[in-house]
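S.K.: For reference, the file coords37.csv (CSV, N, CA, C and O atoms) is included below:
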```csv
chain,number,residue,atom,x,y,z
G,231,MET,N,-16.3,7.1,8.4
G,231,MET,CA,-15.9,7.5,7.1
G,231,MET,C,-14.4,7.6,7.0
G,231,MET,O,-13.8,8.2,7.8
G,232,LEU,N,-13.8,6.9,6.0
G,232,LEU,CA,-12.4,7.0,5.9
G,232,LEU,C,-12.0,8.3,5.2
G,232,LEU,O,-12.6,8.7,4.2
G,233,LEU,N,-10.9,8.9,5.6
G,233,LEU,CA,-10.4,10.1,5.0
G,233,LEU,C,-9.5,9.8,3.8
G,233,LEU,O,-9.3,10.6,2.9
G,234,HIS,N,-8.9,8.6,3.8
G,234,HIS,CA,-8.1,8.2,2.7
G,234,HIS,C,-8.1,6.6,2.6
G,234,HIS,O,-8.5,6.0,3.5
G,235,GLU,N,-7.5,6.1,1.6
G,235,GLU,CA,-7.4,4.7,1.4
G,235,GLU,C,-6.4,4.1,2.3
G,235,GLU,O,-5.4,4.7,2.6
G,236,PHE,N,-6.6,2.8,2.7
G,236,PHE,CA,-5.6,2.1,3.5
G,236,PHE,C,-4.5,1.6,2.6
G,236,PHE,O,-4.8,1.0,1.6
G,237,ARG,N,-3.3,2.0,2.9
G,237,ARG,CA,-2.1,1.6,2.1
G,237,ARG,C,-1.2,0.6,2.9
G,237,ARG,O,-0.4,1.1,3.7
G,238,PRO,N,-1.4,-0.7,2.8
G,238,PRO,CA,-0.6,-1.6,3.6
G,238,PRO,C,0.9,-1.6,3.3
G,238,PRO,O,1.7,-1.8,4.2
G,239,GLY,N,1.3,-1.2,2.1
G,239,GLY,CA,2.7,-1.2,1.7
G,239,GLY,C,3.4,-0.1,2.5
G,239,GLY,O,4.5,-0.2,3.0
G,240,ARG,N,2.8,1.1,2.6
G,240,ARG,CA,3.3,2.2,3.4
G,240,ARG,C,3.4,1.9,4.8
G,240,ARG,O,4.4,2.3,5.5
G,241,LEU,N,2.4,1.1,5.4
G,241,LEU,CA,2.5,0.7,6.7
G,241,LEU,C,3.7,-0.2,7.0
G,241,LEU,O,4.4,0.0,8.0
G,242,LEU,N,3.9,-1.1,6.1
G,242,LEU,CA,5.0,-2.1,6.3
G,242,LEU,C,6.4,-1.4,6.2
G,242,LEU,O,7.3,-1.7,6.9
G,243,VAL,N,6.5,-0.4,5.2
G,243,VAL,CA,7.7,0.3,5.1
G,243,VAL,C,8.0,1.2,6.4
G,243,VAL,O,9.1,1.2,6.9
G,244,GLY,N,6.9,1.8,6.9
G,244,GLY,CA,7.1,2.5,8.2
G,244,GLY,C,7.5,1.6,9.4
G,244,GLY,O,8.3,2.0,10.2
G,245,LEU,N,6.9,0.4,9.4
G,245,LEU,CA,7.2,-0.5,10.5
G,245,LEU,C,8.7,-1.0,10.4
G,245,LEU,O,9.4,-1.2,11.4
G,246,THR,N,9.1,-1.2,9.1
G,246,THR,CA,10.5,-1.6,8.9
G,246,THR,C,11.5,-0.5,9.3
G,246,THR,O,12.5,-0.8,9.9
G,247,ALA,N,11.1,0.7,9.0
G,247,ALA,CA,12.0,1.8,9.4
G,247,ALA,C,12.0,2.0,10.9
G,247,ALA,O,13.1,2.2,11.5
G,248,LEU,N,10.9,1.8,11.5
G,248,LEU,CA,10.9,1.9,13.0
G,248,LEU,C,11.7,0.7,13.6
G,248,LEU,O,12.4,0.9,14.6
G,249,ALA,N,11.6,-0.5,13.0
G,249,ALA,CA,12.4,-1.6,13.6
G,249,ALA,C,13.9,-1.3,13.4
G,249,ALA,O,14.6,-1.6,14.4
G,250,LEU,N,14.3,-0.8,12.3
G,250,LEU,CA,15.7,-0.5,12.1
G,250,LEU,C,16.2,0.6,13.0
G,250,LEU,O,17.3,0.5,13.6
G,251,ALA,N,15.3,1.6,13.2
G,251,ALA,CA,15.7,2.6,14.2
G,251,ALA,C,15.8,2.1,15.6
G,251,ALA,O,16.7,2.5,16.3
G,252,ALA,N,14.9,1.2,16.0
G,252,ALA,CA,15.0,0.6,17.3
G,252,ALA,C,16.2,-0.2,17.5
G,252,ALA,O,16.9,-0.2,18.5
G,253,VAL,N,16.6,-1.0,16.4
G,253,VAL,CA,17.8,-1.8,16.5
G,253,VAL,C,19.0,-1.0,16.7
G,253,VAL,O,19.9,-1.2,17.5
G,254,TYR,N,19.2,0.1,15.9
G,254,TYR,CA,20.3,1.0,16.0
G,254,TYR,C,20.3,1.8,17.2
G,254,TYR,O,21.4,2.2,17.7
G,255,ALA,N,19.1,2.2,17.7
G,255,ALA,CA,19.0,2.9,19.0
G,255,ALA,C,19.5,2.0,20.2
G,255,ALA,O,20.2,2.5,21.1
G,256,GLY,N,19.1,0.8,20.1
G,256,GLY,CA,19.6,-0.1,21.1
G,256,GLY,C,21.1,-0.3,21.1
G,256,GLY,O,21.8,-0.5,22.1
G,257,ASP,N,21.6,-0.3,19.9
G,257,ASP,CA,23.1,-0.4,19.7
G,257,ASP,C,23.8,0.8,20.2
G,257,ASP,O,24.8,0.7,20.8
G,258,ALA,N,23.2,2.0,19.9
G,258,ALA,CA,23.8,3.2,20.4
G,258,ALA,C,23.7,3.4,21.9
G,258,ALA,O,24.6,4.0,22.5
G,259,ALA,N,22.7,2.8,22.5
G,259,ALA,CA,22.6,2.8,24.0
G,259,ALA,C,23.4,1.7,24.7
G,259,ALA,O,23.3,1.6,25.9
G,260,ASP,N,24.1,1.0,23.9
G,260,ASP,CA,24.9,-0.2,24.5
G,260,ASP,C,24.1,-1.2,25.1
G,260,ASP,O,24.5,-1.9,26.0
G,261,ALA,N,22.8,-1.4,24.7
G,261,ALA,CA,22.0,-2.5,25.2
G,261,ALA,C,22.3,-3.8,24.5
G,261,ALA,O,22.2,-4.9,25.1
G,262,TRP,N,22.8,-3.7,23.3
G,262,TRP,CA,23.2,-4.9,22.5
G,262,TRP,C,24.2,-4.4,21.4
G,262,TRP,O,24.3,-3.2,21.2
G,263,THR,N,24.8,-5.4,20.7
G,263,THR,CA,25.7,-5.0,19.6
G,263,THR,C,25.1,-5.4,18.3
G,263,THR,O,24.7,-6.6,18.2
G,264,THR,N,25.0,-4.5,17.4
G,264,THR,CA,24.4,-4.8,16.1
G,264,THR,C,25.5,-4.6,15.0
G,264,THR,O,26.1,-3.5,14.9
G,265,PRO,N,25.7,-5.6,14.2
G,265,PRO,CA,26.7,-5.4,13.1
G,265,PRO,C,26.1,-4.4,12.1
G,265,PRO,O,24.9,-4.3,11.9
G,266,TRP,N,27.0,-3.8,11.4
G,266,TRP,CA,26.6,-2.8,10.4
G,266,TRP,C,25.8,-3.4,9.2
G,266,TRP,O,24.9,-2.7,8.6
G,267,TYR,N,26.1,-4.6,8.9
G,267,TYR,CA,25.4,-5.3,7.8
G,267,TYR,C,24.1,-5.9,8.1
G,267,TYR,O,23.4,-6.5,7.3
G,268,ALA,N,23.6,-5.7,9.3
G,268,ALA,CA,22.3,-6.2,9.8
G,268,ALA,C,21.1,-5.5,9.1
G,268,ALA,O,20.0,-6.0,9.0
G,269,VAL,N,21.4,-4.3,8.6
G,269,VAL,CA,20.4,-3.5,8.0
G,269,VAL,C,19.9,-4.1,6.6
G,269,VAL,O,18.8,-4.0,6.2
G,270,ILE,N,20.8,-4.8,5.9
G,270,ILE,CA,20.6,-5.2,4.6
G,270,ILE,C,19.4,-6.3,4.5
G,270,ILE,O,18.5,-6.1,3.8
G,271,PRO,N,19.5,-7.4,5.3
G,271,PRO,CA,18.4,-8.3,5.2
G,271,PRO,C,17.1,-7.8,5.8
G,271,PRO,O,16.0,-8.1,5.2
G,272,VAL,N,17.1,-7.0,6.8
G,272,VAL,CA,15.9,-6.4,7.4
G,272,VAL,C,15.3,-5.4,6.4
G,272,VAL,O,14.1,-5.5,6.1
G,273,LEU,N,16.1,-4.6,5.8
G,273,LEU,CA,15.5,-3.6,4.9
G,273,LEU,C,15.0,-4.3,3.6
G,273,LEU,O,13.9,-4.0,3.1
G,274,CYS,N,15.8,-5.2,3.1
G,274,CYS,CA,15.3,-5.9,1.8
G,274,CYS,C,14.0,-6.7,2.1
G,274,CYS,O,13.1,-6.7,1.3
G,275,GLY,N,14.0,-7.4,3.2
G,275,GLY,CA,12.8,-8.2,3.6
G,275,GLY,C,11.6,-7.3,3.8
G,275,GLY,O,10.5,-7.6,3.3
G,276,GLY,N,11.8,-6.2,4.5
G,276,GLY,CA,10.7,-5.2,4.7
G,276,GLY,C,10.2,-4.6,3.4
G,276,GLY,O,9.0,-4.5,3.2
G,277,LEU,N,11.1,-4.2,2.5
G,277,LEU,CA,10.7,-3.6,1.3
G,277,LEU,C,10.1,-4.6,0.3
G,277,LEU,O,9.1,-4.3,-0.4
G,278,GLY,N,10.6,-5.8,0.4
G,278,GLY,CA,9.9,-6.9,-0.5
G,278,GLY,C,8.5,-7.2,0.0
G,278,GLY,O,7.6,-7.4,-0.8
G,279,THR,N,8.4,-7.3,1.3
G,279,THR,CA,7.0,-7.6,1.9
G,279,THR,C,6.1,-6.4,1.6
G,279,THR,O,4.9,-6.6,1.2
G,280,ALA,N,6.6,-5.2,1.7
G,280,ALA,CA,5.8,-4.0,1.4
G,280,ALA,C,5.4,-4.0,-0.1
G,280,ALA,O,4.2,-3.6,-0.4
G,281,ALA,N,6.3,-4.4,-1.0
G,281,ALA,CA,6.0,-4.4,-2.4
G,281,ALA,C,4.9,-5.5,-2.7
G,281,ALA,O,4.0,-5.2,-3.5
G,282,LEU,N,5.0,-6.6,-2.1
G,282,LEU,CA,4.0,-7.7,-2.2
G,282,LEU,C,2.6,-7.2,-1.7
G,282,LEU,O,1.6,-7.4,-2.4
G,283,ALA,N,2.6,-6.6,-0.5
G,283,ALA,CA,1.4,-6.1,0.0
G,283,ALA,C,0.7,-5.0,-0.9
G,283,ALA,O,-0.5,-5.0,-1.0
G,284,THR,N,1.6,-4.1,-1.4
G,284,THR,CA,1.1,-3.1,-2.3
G,284,THR,C,0.5,-3.7,-3.6
G,284,THR,O,-0.6,-3.3,-4.0
G,285,TRP,N,1.1,-4.7,-4.1
G,285,TRP,CA,0.6,-5.3,-5.3
G,285,TRP,C,-0.7,-6.0,-5.1
G,285,TRP,O,-1.6,-5.9,-5.9
G,286,VAL,N,-0.8,-6.7,-3.9
G,286,VAL,CA,-2.0,-7.4,-3.6
G,286,VAL,C,-3.2,-6.4,-3.4
G,286,VAL,O,-4.3,-6.6,-3.9
G,287,ALA,N,-2.9,-5.3,-2.7
G,287,ALA,CA,-3.9,-4.3,-2.5
G,287,ALA,C,-4.3,-3.7,-3.8
G,287,ALA,O,-5.5,-3.4,-4.0
G,288,TYR,N,-3.4,-3.5,-4.7
G,288,TYR,CA,-3.7,-2.9,-6.0
G,288,TYR,C,-4.7,-3.8,-6.8
G,288,TYR,O,-5.6,-3.4,-7.4
G,289,ARG,N,-4.3,-5.1,-6.7
G,289,ARG,CA,-5.2,-6.1,-7.5
G,289,ARG,C,-6.6,-6.1,-6.9
G,289,ARG,O,-7.6,-6.2,-7.6
G,290,ILE,N,-6.7,-6.1,-5.5
G,290,ILE,CA,-8.0,-6.1,-4.9
G,290,ILE,C,-8.8,-4.9,-5.3
G,290,ILE,O,-10.0,-5.0,-5.6
G,291,ARG,N,-8.2,-3.7,-5.2
G,291,ARG,CA,-8.9,-2.4,-5.6
G,291,ARG,C,-9.3,-2.5,-7.0
G,291,ARG,O,-10.4,-2.0,-7.4
G,292,ARG,N,-8.4,-3.0,-7.9
G,292,ARG,CA,-8.7,-3.0,-9.3
G,292,ARG,C,-9.9,-4.0,-9.6
G,292,ARG,O,-10.8,-3.7,-10.4
G,293,ARG,N,-9.9,-5.1,-8.9
G,293,ARG,CA,-11.0,-6.1,-9.1
G,293,ARG,C,-12.3,-5.5,-8.6
G,293,ARG,O,-13.3,-5.7,-9.2
G,294,SER,N,-12.3,-4.9,-7.4
G,294,SER,CA,-13.5,-4.3,-6.9
G,294,SER,C,-14.0,-3.2,-7.7
G,294,SER,O,-15.2,-3.0,-7.9
G,295,ALA,N,-13.1,-2.4,-8.3
G,295,ALA,CA,-13.5,-1.3,-9.2
G,295,ALA,C,-14.1,-1.8,-10.5
G,295,ALA,O,-15.1,-1.3,-11.0
G,296,ARG,N,-13.5,-2.9,-11.0
G,296,ARG,CA,-14.0,-3.5,-12.2
G,296,ARG,C,-15.4,-4.1,-12.0
G,296,ARG,O,-16.3,-3.9,-12.8
G,297,SER,N,-15.7,-4.7,-10.8
G,297,SER,CA,-17.0,-5.3,-10.6
G,297,SER,C,-18.0,-4.2,-10.3
G,297,SER,O,-19.2,-4.3,-10.7
G,298,ARG,N,-17.6,-3.0,-9.8
G,298,ARG,CA,-18.5,-1.9,-9.6
G,298,ARG,C,-18.9,-1.3,-10.9
G,298,ARG,O,-20.1,-0.9,-11.1
G,299,SER,N,-18.0,-1.2,-11.8
G,299,SER,CA,-18.3,-0.6,-13.1
G,299,SER,C,-19.1,-1.5,-14.0
G,299,SER,O,-19.9,-1.0,-14.8
G,300,SER,N,-19.0,-2.8,-13.9
G,300,SER,CA,-19.8,-3.7,-14.7
G,300,SER,C,-21.2,-3.8,-14.1
G,300,SER,O,-22.1,-4.2,-14.9
G,301,GLU,N,-21.4,-3.5,-12.9
G,301,GLU,CA,-22.8,-3.5,-12.3
G,301,GLU,C,-23.6,-2.4,-12.9
G,301,GLU,O,-24.9,-2.5,-12.9
G,302,SER,N,-23.0,-1.3,-13.3
G,302,SER,CA,-23.8,-0.1,-13.7
G,302,SER,C,-23.8,-0.1,-15.2
G,302,SER,O,-23.5,0.9,-15.8
G,303,THR,N,-24.4,-1.1,-15.9
G,303,THR,CA,-24.4,-1.2,-17.3
G,303,THR,C,-25.8,-0.8,-17.9
G,303,THR,O,-26.0,-0.9,-19.0
G,304,GLY,N,-26.7,-0.3,-17.0
G,304,GLY,CA,-28.0,0.1,-17.4
G,304,GLY,C,-28.0,1.4,-18.2
G,304,GLY,O,-27.0,1.9,-18.6
G,305,ALA,N,-29.2,1.9,-18.4
G,305,ALA,CA,-29.4,3.1,-19.2
G,305,ALA,C,-28.9,4.3,-18.3
G,305,ALA,O,-28.9,4.2,-17.1
G,306,PRO,N,-28.4,5.4,-19.0
G,306,PRO,CA,-28.0,6.5,-18.3
G,306,PRO,C,-29.1,7.2,-17.5
G,306,PRO,O,-30.3,6.9,-17.7
G,307,ALA,N,-28.7,8.0,-16.5
G,307,ALA,CA,-29.7,8.6,-15.6
G,307,ALA,C,-30.7,9.5,-16.3
G,307,ALA,O,-31.9,9.4,-16.0
G,308,SER,N,-30.3,10.3,-17.3
G,308,SER,CA,-31.2,11.2,-18.0
G,308,SER,C,-31.4,10.7,-19.4
G,308,SER,O,-30.9,11.2,-20.4
G,309,SER,N,-32.2,9.7,-19.6
G,309,SER,CA,-32.5,9.1,-20.9
G,309,SER,C,-33.8,9.6,-21.4
G,309,SER,O,-34.4,9.1,-22.4
G,310,SER,N,-34.4,10.5,-20.8
G,310,SER,CA,-35.8,11.0,-21.2
G,310,SER,C,-35.8,11.9,-22.4
G,310,SER,O,-36.8,12.2,-22.9
G,311,GLY,N,-34.6,12.4,-22.7
G,311,GLY,CA,-34.5,13.3,-23.9
G,311,GLY,C,-34.7,14.8,-23.5
G,311,GLY,O,-34.9,15.6,-24.4
G,312,SER,N,-34.7,15.1,-22.2
G,312,SER,CA,-35.0,16.5,-21.8
G,312,SER,C,-33.8,17.4,-22.0
G,312,SER,O,-33.9,18.6,-21.9
G,313,GLN,N,-32.6,16.8,-22.1
G,313,GLN,CA,-31.4,17.6,-22.3
G,313,GLN,C,-31.0,17.6,-23.7
G,313,GLN,O,-31.0,16.6,-24.4
G,314,ASP,N,-30.6,18.8,-24.2
G,314,ASP,CA,-30.1,19.0,-25.6
G,314,ASP,C,-28.8,18.4,-25.8
G,314,ASP,O,-27.9,18.5,-24.9
G,315,ILE,N,-28.6,17.7,-27.0
G,315,ILE,CA,-27.3,17.3,-27.3
G,315,ILE,C,-26.8,18.2,-28.5
G,315,ILE,O,-27.4,18.3,-29.5
G,316,ARG,N,-25.6,18.7,-28.3
G,316,ARG,CA,-25.1,19.7,-29.3
G,316,ARG,C,-24.2,19.0,-30.2
G,316,ARG,O,-23.4,18.2,-30.0
```
Could the structure of this file be written out as structure tokens, please?

M.R.:
Amino acid sequence: MLLHEFRPGRLLVGLTALALAAVYAGDAADAWTTPWYAVIPVLCGGLGTAALATWVAYRIRRRSARSRSSESTGAPASSSGSQDIR
């Protein structure tokens, strides 16, 4: 049982942030040299990919919700008239 919905955009943003942290941690430890402007393409690419993944997941959820709602077009559960309508 899932406790919450899977959000691929948030996963990609988190992975992007971890990648940037690892790059700058390696630079701080003198393992390699990272120019200051290296964050721009990595961050923009990660955020763009996350936006695309979020949009695709939204469209999939919306399409599956639409198909579920169109399947239940029958009579309501209590159509016997036993409940009063005010």

S.K.: Mind checking which residues fall within 12 Å of Leu245 (chain G), counting only C-alpha atoms, ignoring those fewer than 4 positions away in the same chain, and posting them as a PDB file with N, CA, C and O atoms, keeping the file's coordinate frame?

M.R.:
```
ATOM      1  N   PRO G 238      -1.400  -0.700   2.800  1.00  0.00           N
ATOM      2  CA  PRO G 238      -0.600  -1.600   3.600  1.00  0.00           C
ATOM      3  C   PRO G 238       0.900  -1.600   3.300  1.00  0.00           C
ATOM      4  O   PRO G 238       1.700  -1.800   4.200  1.00  0.00           O
ATOM      5  N   GLY G 239       1.300  -1.200   2.100  1.00  0.00           N
ATOM      6  CA  GLY G 239       2.700  -1.200   1.700  1.00  0.00           C
ATOM      7  C   GLY G 239       3.400  -0.100   2.500  1.00  0.00           C
ATOM      8  O   GLY G 239       4.500  -0.200   3.000  1.00  0.00           O
ATOM      9  N   ARG G 240       2.800   1.100   2.600  1.00  0.00           N
ATOM     10  CA  ARG G 240       3.300   2.200   3.400  1.00  0.00           C
ATOM     11  C   ARG G 240       3.400   1.900   4.800  1.00  0.00           C
ATOM     12  O   ARG G 240       4.400   2.300   5.500  1.00  0.00           O
ATOM     13  N   LEU G 241       2.400   1.100   5.400  1.00  0.00           N
ATOM     14  CA  LEU G 241       2.500   0.700   6.700  1.00  0.00           C
ATOM     15  C   LEU G 241       3.700  -0.200   7.000  1.00  0.00           C
ATOM     16  O   LEU G 241       4.400   0.000   8.000  1.00  0.00           O
ATOM     17  N   ALA G 249      11.600  -0.500  13.000  1.00  0.00           N
ATOM     18  CA  ALA G 249      12.400  -1.600  13.600  1.00  0.00           C
ATOM     19  C   ALA G 249      13.900  -1.300  13.400  1.00  0.00           C
ATOM     20  O   ALA G 249      14.600  -1.600  14.400  1.00  0.00           O
ATOM     21  N   LEU G 250      14.300  -0.800  12.300  1.00  0.00           N
ATOM     22  CA  LEU G 250      15.700  -0.500  12.100  1.00  0.00           C
ATOM     23  C   LEU G 250      16.200   0.600  13.000  1.00  0.00           C
ATOM     24  O   LEU G 250      17.300   0.500  13.600  1.00  0.00           O
ATOM     25  N   ALA G 251      15.300   1.600  13.200  1.00  0.00           N
ATOM     26  CA  ALA G 251      15.700   2.600  14.200  1.00  0.00           C
ATOM     27  C   ALA G 251      15.800   2.100  15.600  1.00  0.00           C
ATOM     28  O   ALA G 251      16.700   2.500  16.300  1.00  0.00           O
ATOM     29  N   ALA G 252      14.900   1.200  16.000  1.00  0.00           N
ATOM     30  CA  ALA G 252      15.000   0.600  17.300  1.00  0.00           C
ATOM     31  C   ALA G 252      16.200  -0.200  17.500  1.00  0.00           C
ATOM     32  O   ALA G 252      16.900  -0.200  18.500  1.00  0.00           O
ATOM     33  N   VAL G 272      17.100  -7.000   6.800  1.00  0.00           N
ATOM     34  CA  VAL G 272      15.900  -6.400   7.400  1.00  0.00           C
ATOM     35  C   VAL G 272      15.300  -5.400   6.400  1.00  0.00           C
ATOM     36  O   VAL G 272      14.100  -5.500   6.100  1.00  0.00           O
ATOM     37  N   LEU G 273      16.100  -4.600   5.800  1.00  0.00           N
ATOM     38  CA  LEU G 273      15.500  -3.600   4.900  1.00  0.00           C
ATOM     39  C   LEU G 273      15.000  -4.300   3.600  1.00  0.00           C
ATOM     40  O   LEU G 273      13.900  -4.000   3.100  1.00  0.00           O
ATOM     41  N   GLY G 275      14.000  -7.400   3.200  1.00  0.00           N
ATOM     42  CA  GLY G 275      12.800  -8.200   3.600  1.00  0.00           C
ATOM     43  C   GLY G 275      11.600  -7.300   3.800  1.00  0.00           C
ATOM     44  O   GLY G 275      10.500  -7.600   3.300  1.00  0.00           O
ATOM     45  N   GLY G 276      11.800  -6.200   4.500  1.00  0.00           N
ATOM     46  CA  GLY G 276      10.700  -5.200   4.700  1.00  0.00           C
ATOM     47  C   GLY G 276      10.200  -4.600   3.400  1.00  0.00           C
ATOM     48  O   GLY G 276       9.000  -4.500   3.200  1.00  0.00           O
ATOM     49  N   LEU G 277      11.100  -4.200   2.500  1.00  0.00           N
ATOM     50  CA  LEU G 277      10.700  -3.600   1.300  1.00  0.00           C
ATOM     51  C   LEU G 277      10.100  -4.600   0.300  1.00  0.00           C
ATOM     52  O   LEU G 277       9.100  -4.300  -0.400  1.00  0.00           O
ATOM     53  N   THR G 279       8.400  -7.300   1.300  1.00  0.00           N
ATOM     54  CA  THR G 279       7.000  -7.600   1.900  1.00  0.00           C
ATOM     55  C   THR G 279       6.100  -6.400   1.600  1.00  0.00           C
ATOM     56  O   THR G 279       4.900  -6.600   1.200  1.00  0.00           O
ATOM     57  N   ALA G 280       6.600  -5.200   1.700  1.00  0.00           N
ATOM     58  CA  ALA G 280       5.800  -4.000   1.400  1.00  0.00           C
ATOM     59  C   ALA G 280       5.400  -4.000  -0.100  1.00  0.00           C
ATOM     60  O   ALA G 280       4.200  -3.600  -0.400  1.00  0.00           O
TER      61      ALA G 280
END
```

S.K.: Would you work out the distance separating CA of Thr284 (chain G) from CA of Val269 (chain G), expressed in Å to one decimal?

M.R.: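 Spanning CA of Thr284 (chain G) to CA of Val269 (chain G) is a straight-line distance of 21.9 Å.
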
S.K.: By how many Å are atom N of Arg292 (chain G) and CA of Gly278 (chain G) apart?

M.R.: 20.1 Å
